[in-house]
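model16.pdb, holding PDB, C-alpha atoms:
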ATOM      1  CA  MET P 851       0.000   0.000   0.000
ATOM      2  CA  SER P 852       1.386   3.403  -0.942
ATOM      3  CA  ARG P 853       1.873   6.135   1.611
ATOM      4  CA  LEU P 854      -0.923   8.056  -0.129
ATOM      5  CA  ASP P 855      -3.334   5.133   0.384
ATOM      6  CA  SER P 856      -2.186   4.748   3.952
ATOM      7  CA  PHE P 857      -2.579   8.450   4.676
ATOM      8  CA  ILE P 858      -6.120   8.535   3.260
ATOM      9  CA  ARG P 859      -7.043   5.585   5.465
ATOM     10  CA  ARG P 860      -5.486   7.186   8.536
ATOM     11  CA  LEU P 861      -7.296  10.508   8.045
ATOM     12  CA  THR P 862     -10.539   8.672   7.355
ATOM     13  CA  ALA P 863     -10.071   6.676  10.557
ATOM     14  CA  GLN P 864      -9.444   9.886  12.460
ATOM     15  CA  ARG P 865     -12.548  11.542  11.037
ATOM     16  CA  ASP P 866     -14.759   8.473  11.585
ATOM     17  CA  ILE P 867     -13.599   8.077  15.182
ATOM     18  CA  LEU P 868     -14.248  11.760  15.920
ATOM     19  CA  ASN P 869     -17.730  11.532  14.401
ATOM     20  CA  THR P 870     -18.518   8.364  16.334
ATOM     21  CA  ILE P 871     -17.294   9.725  19.638
ATOM     22  CA  ALA P 872     -18.934  13.148  19.418
ATOM     23  CA  PRO P 873     -22.397  12.109  20.680
ATOM     24  CA  ALA P 874     -20.811   9.775  23.243
ATOM     25  CA  ILE P 875     -19.199  12.637  25.160
ATOM     26  CA  ASP P 876     -22.247  14.907  25.123
ATOM     27  CA  HIS P 877     -22.905  14.213  28.791
ATOM     28  CA  LEU P 878     -19.374  15.121  29.861
ATOM     29  CA  LYS P 879     -18.422  18.635  30.777
ATOM     30  CA  GLY P 880     -15.002  20.024  30.104
ATOM     31  CA  PRO P 881     -13.110  21.365  27.126
ATOM     32  CA  ILE P 882     -11.652  19.573  24.138
ATOM     33  CA  LEU P 883      -7.898  19.525  23.624
ATOM     34  CA  GLU P 884      -6.179  19.258  20.247
ATOM     35  CA  LEU P 885      -2.493  18.389  20.673
ATOM     36  CA  GLY P 886      -0.812  19.441  17.449
ATOM     37  CA  LEU P 887      -2.792  22.099  15.617
ATOM     38  CA  GLY P 888      -0.816  21.730  12.392
ATOM     39  CA  ASN P 889      -2.607  23.488   9.587
ATOM     40  CA  GLY P 890      -5.890  23.318  11.472
ATOM     41  CA  ARG P 891      -7.868  20.767   9.473
ATOM     42  CA  THR P 892      -8.771  18.609  12.446
ATOM     43  CA  PHE P 893      -9.381  21.683  14.594
ATOM     44  CA  ASP P 894     -11.855  22.815  11.949
ATOM     45  CA  HIS P 895     -13.603  19.439  12.140
ATOM     46  CA  LEU P 896     -13.698  19.545  15.949
ATOM     47  CA  ARG P 897     -15.193  23.018  15.771
ATOM     48  CA  GLU P 898     -17.958  21.706  13.515
ATOM     49  CA  LEU P 899     -18.663  18.737  15.777
ATOM     50  CA  PHE P 900     -18.541  20.739  19.009
ATOM     51  CA  PRO P 901     -19.704  24.289  18.241
ATOM     52  CA  ASP P 902     -20.447  25.071  21.891
ATOM     53  CA  ARG P 903     -17.317  23.702  23.536
ATOM     54  CA  ARG P 904     -14.068  25.382  24.346
ATOM     55  CA  ILE P 905     -11.415  23.805  22.140
ATOM     56  CA  VAL P 906      -7.812  24.394  23.179
ATOM     57  CA  ALA P 907      -5.133  23.718  20.582
ATOM     58  CA  PHE P 908      -1.405  23.254  21.183
ATOM     59  CA  ASP P 909       1.517  23.551  18.816
ATOM     60  CA  ARG P 910       5.073  24.784  18.567
ATOM     61  CA  ALA P 911       4.088  27.587  16.228
ATOM     62  CA  ALA P 912       0.914  29.089  14.751
ATOM     63  CA  LEU P 913       0.883  27.546  11.274
ATOM     64  CA  ALA P 914      -2.836  26.974  10.729
ATOM     65  CA  TYR P 915      -4.812  28.537   7.913
ATOM     66  CA  ASP P 916      -6.260  31.924   8.849
ATOM     67  CA  HIS P 917      -9.818  30.683   9.133
ATOM     68  CA  SER P 918      -8.793  27.606  11.140
ATOM     69  CA  MET P 919      -6.812  29.511  13.742
ATOM     70  CA  PRO P 920      -8.070  29.334  17.328
ATOM     71  CA  ASP P 921      -8.525  32.638  19.106
ATOM     72  CA  GLU P 922      -5.652  33.733  21.263
ATOM     73  CA  GLY P 923      -6.704  32.289  24.586
ATOM     74  CA  ASN P 924      -7.237  28.870  23.031
ATOM     75  CA  LEU P 925      -3.947  28.522  21.172
ATOM     76  CA  ILE P 926      -1.085  27.458  23.403
ATOM     77  CA  LEU P 927       2.272  27.871  21.708
ATOM     78  CA  GLY P 928       5.487  26.125  22.714
ATOM     79  CA  GLU P 929       6.747  22.562  23.039
ATOM     80  CA  ILE P 930       3.571  20.508  23.548
ATOM     81  CA  GLN P 931       5.369  18.257  25.996
ATOM     82  CA  GLU P 932       5.744  21.266  28.305
ATOM     83  CA  THR P 933       2.680  23.380  27.560
ATOM     84  CA  ALA P 934       0.174  20.519  27.776
ATOM     85  CA  GLN P 935       1.577  19.580  31.172
ATOM     86  CA  ASP P 936       0.062  22.811  32.523
ATOM     87  CA  PHE P 937      -3.381  21.489  31.538
ATOM     88  CA  VAL P 938      -3.139  18.265  33.520
ATOM     89  CA  GLY P 939      -6.206  18.217  35.768
ATOM     90  CA  ILE P 940      -8.385  20.422  33.526
ATOM     91  CA  GLY P 941     -10.903  17.596  33.134
ATOM     92  CA  ALA P 942     -11.180  17.524  29.352
ATOM     93  CA  ALA P 943     -14.051  15.616  27.773
ATOM     94  CA  LEU P 944     -11.908  14.732  24.766
ATOM     95  CA  ALA P 945      -8.248  14.966  23.867
ATOM     96  CA  HIS P 946      -6.979  14.306  20.362
ATOM     97  CA  ALA P 947      -3.317  13.952  19.443
ATOM     98  CA  ASP P 948      -2.048  13.305  15.948
ATOM     99  CA  ILE P 949       1.615  14.027  16.485
ATOM    100  CA  GLY P 950       3.287  10.886  15.200
ATOM    101  CA  THR P 951       6.026  11.521  12.654
ATOM    102  CA  GLY P 952       6.297   8.142  10.971
ATOM    103  CA  TYR P 953       9.841   7.873  12.291
ATOM    104  CA  ALA P 954      10.036   5.219  15.013
ATOM    105  CA  ASP P 955      12.887   6.891  16.887
ATOM    106  CA  LYS P 956      11.151  10.275  17.074
ATOM    107  CA  ASP P 957       7.808   8.701  17.992
ATOM    108  CA  ALA P 958       9.489   6.702  20.770
ATOM    109  CA  ILE P 959      10.552   9.975  22.373
ATOM    110  CA  THR P 960       7.004  11.384  22.085
ATOM    111  CA  LEU P 961       5.701   8.233  23.745
ATOM    112  CA  THR P 962       7.849   8.853  26.828
ATOM    113  CA  TRP P 963       5.473  11.705  27.786
ATOM    114  CA  LEU P 964       2.311  11.598  25.664
ATOM    115  CA  PRO P 965       0.354   8.813  27.434
ATOM    116  CA  GLN P 966       0.809  10.476  30.839
ATOM    117  CA  VAL P 967      -0.227  13.879  29.471
ATOM    118  CA  MET P 968      -3.273  12.492  27.654
ATOM    119  CA  ALA P 969      -4.446  10.580  30.716
ATOM    120  CA  GLY P 970      -3.711  13.594  32.891
ATOM    121  CA  VAL P 971      -5.754  16.167  30.978
ATOM    122  CA  LEU P 972      -8.898  14.004  30.756
ATOM    123  CA  ALA P 973     -11.892  13.925  33.049
ATOM    124  CA  SER P 974     -12.938  10.522  34.321
ATOM    125  CA  ARG P 975     -14.740   8.828  31.363
ATOM    126  CA  GLY P 976     -13.143  11.356  29.020
ATOM    127  CA  VAL P 977     -11.930  10.041  25.671
ATOM    128  CA  ALA P 978      -8.446  10.027  24.156
ATOM    129  CA  ILE P 979      -8.029   9.709  20.388
ATOM    130  CA  SER P 980      -4.498   9.307  19.141
ATOM    131  CA  GLY P 981      -2.451   8.509  16.084
ATOM    132  CA  LEU P 982       0.056   6.790  18.370
ATOM    133  CA  PRO P 983      -0.749   4.012  20.865
ATOM    134  CA  LEU P 984      -1.134   5.251  24.444
ATOM    135  CA  ASP P 985      -0.013   2.675  26.970
ATOM    136  CA  HIS P 986      -1.233   3.952  30.343
ATOM    137  CA  ALA P 987      -2.930   2.259  33.300
ATOM    138  CA  ASP P 988      -5.688   4.913  33.421
ATOM    139  CA  LEU P 989      -6.529   4.607  29.717
ATOM    140  CA  GLU P 990      -8.819   1.762  28.768
ATOM    141  CA  PRO P 991      -8.783   0.862  25.056
ATOM    142  CA  LEU P 992     -12.123   1.164  23.284
ATOM    143  CA  ALA P 993     -13.216  -0.774  20.213
ATOM    144  CA  LEU P 994     -12.692   1.129  16.980
ATOM    145  CA  PRO P 995     -15.677   1.964  14.765
ATOM    146  CA  THR P 996     -16.459  -0.640  12.124
ATOM    147  CA  GLY P 997     -14.149  -0.635   9.132
ATOM    148  CA  ILE P 998     -11.083   0.796  10.830
ATOM    149  CA  ASN P 999      -8.159  -1.594  11.024
ATOM    150  CA  GLU P1000      -6.490  -2.191  14.375
ATOM    151  CA  GLY P1001      -3.374  -0.104  14.706
ATOM    152  CA  ARG P1002      -4.367   2.620  12.261
ATOM    153  CA  TYR P1003      -5.650   4.925  14.994
ATOM    154  CA  PHE P1004      -6.144   4.503  18.731
ATOM    155  CA  LEU P1005      -9.094   5.151  21.020
ATOM    156  CA  TYR P1006      -9.271   5.082  24.831
ATOM    157  CA  ARG P1007     -11.484   6.061  27.732
ATOM    158  CA  ARG P1008     -10.091   7.386  30.997
ATOM    159  CA  ARG P1009     -11.064   5.141  33.884
TER     160      ARG P1009
ATOM    161  CA  MET T  23     -18.116  20.416   5.278
ATOM    162  CA  SER T  24     -15.032  20.644   7.476
ATOM    163  CA  ARG T  25     -11.576  21.111   6.039
ATOM    164  CA  LEU T  26     -10.759  17.585   7.228
ATOM    165  CA  ASP T  27     -13.676  16.162   5.218
ATOM    166  CA  SER T  28     -12.723  18.265   2.229
ATOM    167  CA  PHE T  29      -9.067  17.202   2.421
ATOM    168  CA  ILE T  30      -9.978  13.514   2.593
ATOM    169  CA  ARG T  31     -12.171  13.937  -0.493
ATOM    170  CA  ARG T  32      -9.449  15.802  -2.356
ATOM    171  CA  LEU T  33      -6.762  13.199  -1.611
ATOM    172  CA  THR T  34      -9.180  10.421  -2.517
ATOM    173  CA  ALA T  35      -9.947  12.181  -5.804
ATOM    174  CA  GLN T  36      -6.235  12.510  -6.494
ATOM    175  CA  ARG T  37      -5.602   8.836  -5.768
ATOM    176  CA  ASP T  38      -8.616   7.634  -7.781
ATOM    177  CA  ILE T  39      -7.663   9.755 -10.789
ATOM    178  CA  LEU T  40      -4.069   8.481 -10.698
ATOM    179  CA  ASN T  41      -5.287   4.875 -10.492
ATOM    180  CA  THR T  42      -7.749   5.402 -13.344
ATOM    181  CA  ILE T  43      -5.232   7.095 -15.589
ATOM    182  CA  ALA T  44      -2.343   4.685 -15.025
ATOM    183  CA  PRO T  45      -3.402   2.029 -17.561
ATOM    184  CA  ALA T  46      -4.539   4.737 -19.997
ATOM    185  CA  ILE T  47      -1.009   6.069 -20.464
ATOM    186  CA  ASP T  48       0.659   2.676 -20.828
ATOM    187  CA  HIS T  49       1.086   3.189 -24.554
ATOM    188  CA  LEU T  50       2.808   6.561 -24.147
ATOM    189  CA  LYS T  51       6.537   6.863 -23.758
ATOM    190  CA  GLY T  52       8.107   9.554 -21.672
ATOM    191  CA  PRO T  53       8.679  10.218 -17.998
ATOM    192  CA  ILE T  54       6.267  11.218 -15.278
ATOM    193  CA  LEU T  55       6.605  14.601 -13.617
ATOM    194  CA  GLU T  56       5.531  15.378 -10.064
ATOM    195  CA  LEU T  57       5.397  19.139  -9.476
ATOM    196  CA  GLY T  58       5.580  19.606  -5.730
ATOM    197  CA  LEU T  59       7.192  16.636  -4.007
ATOM    198  CA  GLY T  60       6.114  17.725  -0.527
ATOM    199  CA  ASN T  61       6.584  14.889   1.900
ATOM    200  CA  GLY T  62       6.537  12.363  -0.915
ATOM    201  CA  ARG T  63       3.200  10.601  -0.411
ATOM    202  CA  THR T  64       2.027  11.057  -3.971
ATOM    203  CA  PHE T  65       5.502  10.303  -5.316
ATOM    204  CA  ASP T  66       5.345   7.022  -3.411
ATOM    205  CA  HIS T  67       1.987   6.258  -5.030
ATOM    206  CA  LEU T  68       3.298   7.141  -8.500
ATOM    207  CA  ARG T  69       6.279   4.869  -7.913
ATOM    208  CA  GLU T  70       3.917   1.994  -7.101
ATOM    209  CA  LEU T  71       1.756   2.641 -10.160
ATOM    210  CA  PHE T  72       4.686   3.143 -12.550
ATOM    211  CA  PRO T  73       7.585   1.012 -11.298
ATOM    212  CA  ASP T  74       9.395   1.085 -14.640
ATOM    213  CA  ARG T  75       9.091   4.777 -15.485
ATOM    214  CA  ARG T  76      11.408   7.633 -14.741
ATOM    215  CA  ILE T  77       9.613   9.905 -12.275
ATOM    216  CA  VAL T  78      11.028  13.400 -11.910
ATOM    217  CA  ALA T  79       9.962  15.375  -8.853
ATOM    218  CA  PHE T  80      10.268  19.126  -8.314
ATOM    219  CA  ASP T  81      10.218  21.161  -5.139
ATOM    220  CA  ARG T  82      11.823  24.121  -3.443
ATOM    221  CA  ALA T  83      13.545  21.916  -0.906
ATOM    222  CA  ALA T  84      14.000  18.202  -0.193
ATOM    223  CA  LEU T  85      11.434  17.632   2.550
ATOM    224  CA  ALA T  86      10.173  14.147   1.694
ATOM    225  CA  TYR T  87      10.441  11.194   4.032
ATOM    226  CA  ASP T  88      13.699   9.266   3.617
ATOM    227  CA  HIS T  89      12.095   6.309   1.879
ATOM    228  CA  SER T  90      10.018   8.536  -0.434
ATOM    229  CA  MET T  91      12.925  10.612  -1.668
ATOM    230  CA  PRO T  92      13.725  10.430  -5.385
ATOM    231  CA  ASP T  93      17.300   9.673  -6.272
ATOM    232  CA  GLU T  94      19.471  12.669  -7.028
ATOM    233  CA  GLY T  95      19.010  12.901 -10.779
ATOM    234  CA  ASN T  96      15.250  12.822 -10.418
ATOM    235  CA  LEU T  97      14.815  15.488  -7.755
ATOM    236  CA  ILE T  98      14.948  19.005  -9.131
ATOM    237  CA  LEU T  99      15.304  21.599  -6.392
ATOM    238  CA  GLY T 100      14.465  25.280  -6.720
ATOM    239  CA  GLU T 101      11.427  27.391  -7.549
ATOM    240  CA  ILE T 102       9.211  25.044  -9.573
ATOM    241  CA  GLN T 103       8.155  27.907 -11.823
ATOM    242  CA  GLU T 104      11.765  28.157 -13.005
ATOM    243  CA  THR T 105      13.058  24.589 -12.760
ATOM    244  CA  ALA T 106      10.074  22.992 -14.527
ATOM    245  CA  GLN T 107      10.504  25.426 -17.400
ATOM    246  CA  ASP T 108      13.726  23.588 -18.270
ATOM    247  CA  PHE T 109      11.663  20.429 -18.839
ATOM    248  CA  VAL T 110       9.323  21.946 -21.399
ATOM    249  CA  GLY T 111       9.567  19.680 -24.449
ATOM    250  CA  ILE T 112      10.576  16.540 -22.524
ATOM    251  CA  GLY T 113       7.420  14.765 -23.721
ATOM    252  CA  ALA T 114       6.105  13.521 -20.408
ATOM    253  CA  ALA T 115       3.382  10.875 -20.409
ATOM    254  CA  LEU T 116       1.897  12.293 -17.217
ATOM    255  CA  ALA T 117       2.365  15.418 -15.147
ATOM    256  CA  HIS T 118       0.814  15.837 -11.714
ATOM    257  CA  ALA T 119       0.723  19.105  -9.797
ATOM    258  CA  ASP T 120      -0.816  19.521  -6.377
ATOM    259  CA  ILE T 121       0.580  22.911  -5.489
ATOM    260  CA  GLY T 122      -2.527  24.894  -4.599
ATOM    261  CA  THR T 123      -2.342  26.629  -1.244
ATOM    262  CA  GLY T 124      -6.012  27.243  -0.520
ATOM    263  CA  TYR T 125      -5.317  30.969  -0.643
ATOM    264  CA  ALA T 126      -6.885  32.509  -3.744
ATOM    265  CA  ASP T 127      -4.293  35.275  -4.094
ATOM    266  CA  LYS T 128      -1.330  32.884  -3.927
ATOM    267  CA  ASP T 129      -2.996  30.383  -6.254
ATOM    268  CA  ALA T 130      -3.726  33.152  -8.764
ATOM    269  CA  ILE T 131       0.016  33.785  -9.020
ATOM    270  CA  THR T 132       0.706  30.066  -9.535
ATOM    271  CA  LEU T 133      -1.890  30.031 -12.298
ATOM    272  CA  THR T 134       0.000  32.692 -14.234
ATOM    273  CA  TRP T 135       2.628  30.050 -15.122
ATOM    274  CA  LEU T 136       1.355  26.556 -14.241
ATOM    275  CA  PRO T 137      -0.952  25.867 -17.225
ATOM    276  CA  GLN T 138       1.761  26.789 -19.730
ATOM    277  CA  VAL T 139       4.356  24.642 -17.933
ATOM    278  CA  MET T 140       2.009  21.654 -17.623
ATOM    279  CA  ALA T 141       1.046  21.832 -21.292
ATOM    280  CA  GLY T 142       4.688  22.361 -22.245
ATOM    281  CA  VAL T 143       6.154  19.339 -20.488
ATOM    282  CA  LEU T 144       3.607  16.863 -21.861
ATOM    283  CA  ALA T 145       3.825  14.685 -24.935
ATOM    284  CA  SER T 146       0.894  14.854 -27.337
ATOM    285  CA  ARG T 147      -1.902  12.802 -25.671
ATOM    286  CA  GLY T 148      -0.064  13.055 -22.359
ATOM    287  CA  VAL T 149      -2.189  13.625 -19.270
ATOM    288  CA  ALA T 150      -2.186  16.488 -16.775
ATOM    289  CA  ILE T 151      -3.639  15.954 -13.296
ATOM    290  CA  SER T 152      -3.891  19.025 -11.133
ATOM    291  CA  GLY T 153      -5.316  20.323  -7.901
ATOM    292  CA  LEU T 154      -5.818  23.689  -9.621
ATOM    293  CA  PRO T 155      -7.726  24.253 -12.873
ATOM    294  CA  LEU T 156      -5.478  24.542 -15.929
ATOM    295  CA  ASP T 157      -6.903  26.863 -18.539
ATOM    296  CA  HIS T 158      -4.799  26.311 -21.667
ATOM    297  CA  ALA T 159      -5.679  25.900 -25.338
ATOM    298  CA  ASP T 160      -3.570  22.736 -25.637
ATOM    299  CA  LEU T 161      -5.174  21.041 -22.637
ATOM    300  CA  GLU T 162      -8.492  19.325 -23.261
ATOM    301  CA  PRO T 163     -10.528  18.598 -20.107
ATOM    302  CA  LEU T 164     -11.297  14.917 -19.489
ATOM    303  CA  ALA T 165     -14.249  13.546 -17.560
ATOM    304  CA  LEU T 166     -13.444  12.729 -13.949
ATOM    305  CA  PRO T 167     -13.815   9.165 -12.682
ATOM    306  CA  THR T 168     -17.215   8.359 -11.209
ATOM    307  CA  GLY T 169     -17.845   9.735  -7.749
ATOM    308  CA  ILE T 170     -15.500  12.696  -7.927
ATOM    309  CA  ASN T 171     -17.233  16.059  -7.794
ATOM    310  CA  GLU T 172     -16.470  18.643 -10.457
ATOM    311  CA  GLY T 173     -13.944  21.146  -9.196
ATOM    312  CA  ARG T 174     -12.331  18.927  -6.579
ATOM    313  CA  TYR T 175      -9.492  17.900  -8.881
ATOM    314  CA  PHE T 176      -8.756  18.530 -12.556
ATOM    315  CA  LEU T 177      -7.852  16.221 -15.406
ATOM    316  CA  TYR T 178      -6.714  17.075 -18.957
ATOM    317  CA  ARG T 179      -5.188  15.532 -22.039
ATOM    318  CA  ARG T 180      -2.691  17.374 -24.205
ATOM    319  CA  ARG T 181      -3.996  17.795 -27.729
TER     320      ARG T 181
END
Write the structure described by the file as structure tokens, please.
Amino acid sequence: MSRLDSFIRRLTAQRDILNTIAPAIDHLKGPILELGLGNGRTFDHLRELFPDRRIVAFDRAALAYDHSMPDEGNLILGEIQETAQDFVGIGAALAHADIGTGYADKDAITLTWLPQVMAGVLASRGVAISGLPLDHADLEPLALPTGINEGRYFLYRRR
Amino acid sequence: MSRLDSFIRRLTAQRDILNTIAPAIDHLKGPILELGLGNGRTFDHLRELFPDRRIVAFDRAALAYDHSMPDEGNLILGEIQETAQDFVGIGAALAHADIGTGYADKDAITLTWLPQVMAGVLASRGVAISGLPLDHADLEPLALPTGINEGRYFLYRRR
């Protein structure tokens, strides 16, 4: 499978998981966190799914398209590893992180801190959606929506 | 529709058009040109579809993933507007360009030179696939594969 095919499947998995989870977190209070704003495509989708929620986005730099840029108080710039740590305990209903690089050595470094941060920012029963696997005692894996292959995207609920 | 939805549809259109066109250019000689290597996803797909063809990729800088990087003779670095001009007359069987930015003012500048370059590099009956519309007397629009909306991607044959 080409990287183009694989990328389409990964983005589709991301989108389908977000759509599936949206009604399932309706009853939870708390903001939504987007770790890795990038060019803002997923932020734009989150904004459509959750028009009434605070959505906080994190990235090293503000690189999103103009119309997909969070307002100032909801864009946290700096190394995500450090900035997201300040949000541990905020009780997020949902946290999404698509910050894998495709390079195993770089992703291994991300995975030294990401599972703890993702578990830490969530409310109890809050949901973590991630492009990288999150191995953490407080994160219980959830079944993926139909049609998404195991390992293409990862879905958890905070205990 | 969110930008994530729109992006998935655009990449899917790109992939489906490439797959549809691949057998249709079998009888044509000439290389394949990829204007805008980016991180190399589409190059990787082209390499799978056309394992025996020369594929020449253009970009400002070499930013592709290691395993999707063309070898040195087939990666042309510099402003595409200038470097691709040197390939006018090469008689390419296929040229693909996905170099739209989503900003109308920037894309308008690209469209001052892209149609002429795309028409110029192609052999007669060669195919142009583009994320931006190519208005050029030598480029005849082709029908898109089933399921792709008009305007999402563009397909032409050189007269």
Closest contacts (chain T/chain P, max 12 Å, only C-alpha atoms) as CSV:
residue,atom,partner,partner_atom,distance
T:Met23,CA,P:His895,CA,8.3
T:Ser24,CA,P:His895,CA,5.0
T:Arg25,CA,P:Arg891,CA,5.1
T:Leu26,CA,P:Arg891,CA,4.9
T:Asp27,CA,P:Arg865,CA,7.5
T:Ser28,CA,P:Arg891,CA,9.1
T:Phe29,CA,P:Arg891,CA,8.0
T:Ile30,CA,P:Ile858,CA,6.3
T:Arg31,CA,P:Ile858,CA,8.9
T:Arg32,CA,P:Ile858,CA,9.8
T:Leu33,CA,P:Ile858,CA,6.8
T:Thr34,CA,P:Ile858,CA,6.8
T:Ala35,CA,P:Ile858,CA,10.5
T:Gln36,CA,P:Leu854,CA,9.4
T:Arg37,CA,P:Leu854,CA,7.4
T:Asp38,CA,P:Asp855,CA,10.0
T:Leu40,CA,P:Leu854,CA,11.0
T:Asn41,CA,P:Asp855,CA,11.1
T:Gly60,CA,P:Leu854,CA,12.0
T:Asn61,CA,P:Arg853,CA,9.9
T:Gly62,CA,P:Arg853,CA,8.2
T:Arg63,CA,P:Leu854,CA,4.9
T:Thr64,CA,P:Leu854,CA,5.7
T:Phe65,CA,P:Leu854,CA,8.6
T:Asp66,CA,P:Ser852,CA,5.9
T:His67,CA,P:Ser852,CA,5.0
T:Leu68,CA,P:Ser852,CA,8.6
T:Arg69,CA,P:Ser852,CA,8.6
T:Glu70,CA,P:Ser852,CA,6.8
T:Leu71,CA,P:Ser852,CA,9.3
T:Ala86,CA,P:Arg853,CA,11.5
T:Tyr87,CA,P:Gly952,CA,8.6
T:Asp88,CA,P:Tyr953,CA,9.6
T:His89,CA,P:Arg853,CA,10.2
T:Ser90,CA,P:Arg853,CA,8.7
T:Thr123,CA,P:Tyr915,CA,9.7
T:Gly124,CA,P:Tyr915,CA,8.6
T:Tyr125,CA,P:Tyr915,CA,8.9
Okay, now the selection with C-alpha atoms, as a short mmCIF file (atom, residue, chain, number, x, y, z; two decimals), in the coordinates of the input?
data_model
loop_
_atom_site.label_atom_id
_atom_site.label_comp_id
_atom_site.auth_asym_id
_atom_site.auth_seq_id
_atom_site.Cartn_x
_atom_site.Cartn_y
_atom_site.Cartn_z
CA MET T 23 -18.12 20.42 5.28
CA SER T 24 -15.03 20.64 7.48
CA ARG T 25 -11.58 21.11 6.04
CA LEU T 26 -10.76 17.58 7.23
CA ASP T 27 -13.68 16.16 5.22
CA SER T 28 -12.72 18.26 2.23
CA PHE T 29 -9.07 17.20 2.42
CA ILE T 30 -9.98 13.51 2.59
CA ARG T 31 -12.17 13.94 -0.49
CA ARG T 32 -9.45 15.80 -2.36
CA LEU T 33 -6.76 13.20 -1.61
CA THR T 34 -9.18 10.42 -2.52
CA ALA T 35 -9.95 12.18 -5.80
CA GLN T 36 -6.24 12.51 -6.49
CA ARG T 37 -5.60 8.84 -5.77
CA ASP T 38 -8.62 7.63 -7.78
CA LEU T 40 -4.07 8.48 -10.70
CA ASN T 41 -5.29 4.88 -10.49
CA GLY T 60 6.11 17.73 -0.53
CA ASN T 61 6.58 14.89 1.90
CA GLY T 62 6.54 12.36 -0.92
CA ARG T 63 3.20 10.60 -0.41
CA THR T 64 2.03 11.06 -3.97
CA PHE T 65 5.50 10.30 -5.32
CA ASP T 66 5.34 7.02 -3.41
CA HIS T 67 1.99 6.26 -5.03
CA LEU T 68 3.30 7.14 -8.50
CA ARG T 69 6.28 4.87 -7.91
CA GLU T 70 3.92 1.99 -7.10
CA LEU T 71 1.76 2.64 -10.16
CA ALA T 86 10.17 14.15 1.69
CA TYR T 87 10.44 11.19 4.03
CA ASP T 88 13.70 9.27 3.62
CA HIS T 89 12.10 6.31 1.88
CA SER T 90 10.02 8.54 -0.43
CA THR T 123 -2.34 26.63 -1.24
CA GLY T 124 -6.01 27.24 -0.52
CA TYR T 125 -5.32 30.97 -0.64
#
Which residues match the PyMOL selection byres ((chain T and resi 133) around 12) in the file above, as a list in words?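 Answer for the PyMOL selection byres ((chain T and resi 133) around 12): Gln103, Ala119, Ile121, Gly122, Thr123, Ala126, Asp127, Lys128, Asp129, Ala130, Ile131, Thr132, Thr134, Trp135, Leu136, Pro137, Gln138, Val139, Met140, Ser152, Gly153, Leu154, Pro155, Leu156, Asp157 and His158 of chain T.
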Filtering to C-alpha atoms, could you give me those residues as an mmCIF file, in the frame of the given file?
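Final output, saved to result.cif:
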data_model
loop_
_atom_site.group_PDB
_atom_site.id
_atom_site.type_symbol
_atom_site.label_atom_id
_atom_site.label_comp_id
_atom_site.auth_asym_id
_atom_site.auth_seq_id
_atom_site.Cartn_x
_atom_site.Cartn_y
_atom_site.Cartn_z
ATOM 1 C CA GLN T 103 8.155 27.907 -11.823
ATOM 2 C CA ALA T 119 0.723 19.105 -9.797
ATOM 3 C CA ILE T 121 0.580 22.911 -5.489
ATOM 4 C CA GLY T 122 -2.527 24.894 -4.599
ATOM 5 C CA THR T 123 -2.342 26.629 -1.244
ATOM 6 C CA ALA T 126 -6.885 32.509 -3.744
ATOM 7 C CA ASP T 127 -4.293 35.275 -4.094
ATOM 8 C CA LYS T 128 -1.330 32.884 -3.927
ATOM 9 C CA ASP T 129 -2.996 30.383 -6.254
ATOM 10 C CA ALA T 130 -3.726 33.152 -8.764
ATOM 11 C CA ILE T 131 0.016 33.785 -9.020
ATOM 12 C CA THR T 132 0.706 30.066 -9.535
ATOM 13 C CA THR T 134 0.000 32.692 -14.234
ATOM 14 C CA TRP T 135 2.628 30.050 -15.122
ATOM 15 C CA LEU T 136 1.355 26.556 -14.241
ATOM 16 C CA PRO T 137 -0.952 25.867 -17.225
ATOM 17 C CA GLN T 138 1.761 26.789 -19.730
ATOM 18 C CA VAL T 139 4.356 24.642 -17.933
ATOM 19 C CA MET T 140 2.009 21.654 -17.623
ATOM 20 C CA SER T 152 -3.891 19.025 -11.133
ATOM 21 C CA GLY T 153 -5.316 20.323 -7.901
ATOM 22 C CA LEU T 154 -5.818 23.689 -9.621
ATOM 23 C CA PRO T 155 -7.726 24.253 -12.873
ATOM 24 C CA LEU T 156 -5.478 24.542 -15.929
ATOM 25 C CA ASP T 157 -6.903 26.863 -18.539
ATOM 26 C CA HIS T 158 -4.799 26.311 -21.667
#
Running the PyMOL selection byres ((chain P and resi 922) around 12) on this model by hand, what would come out? Give it as a PDB file with C-alpha atoms, in the coordinates of the input.
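Full text of out24.pdb as output:
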ATOM      1  CA  ILE P 905     -11.415  23.805  22.140  1.00  0.00           C
ATOM      2  CA  VAL P 906      -7.812  24.394  23.179  1.00  0.00           C
ATOM      3  CA  ALA P 907      -5.133  23.718  20.582  1.00  0.00           C
ATOM      4  CA  PHE P 908      -1.405  23.254  21.183  1.00  0.00           C
ATOM      5  CA  ALA P 912       0.914  29.089  14.751  1.00  0.00           C
ATOM      6  CA  MET P 919      -6.812  29.511  13.742  1.00  0.00           C
ATOM      7  CA  PRO P 920      -8.070  29.334  17.328  1.00  0.00           C
ATOM      8  CA  ASP P 921      -8.525  32.638  19.106  1.00  0.00           C
ATOM      9  CA  GLY P 923      -6.704  32.289  24.586  1.00  0.00           C
ATOM     10  CA  ASN P 924      -7.237  28.870  23.031  1.00  0.00           C
ATOM     11  CA  LEU P 925      -3.947  28.522  21.172  1.00  0.00           C
ATOM     12  CA  ILE P 926      -1.085  27.458  23.403  1.00  0.00           C
ATOM     13  CA  LEU P 927       2.272  27.871  21.708  1.00  0.00           C
TER      14      LEU P 927
END
Correct to one decimal, the distance atom CA of Val971 of chain P-atom CA of Gly997 of chain P is 28.8 Å
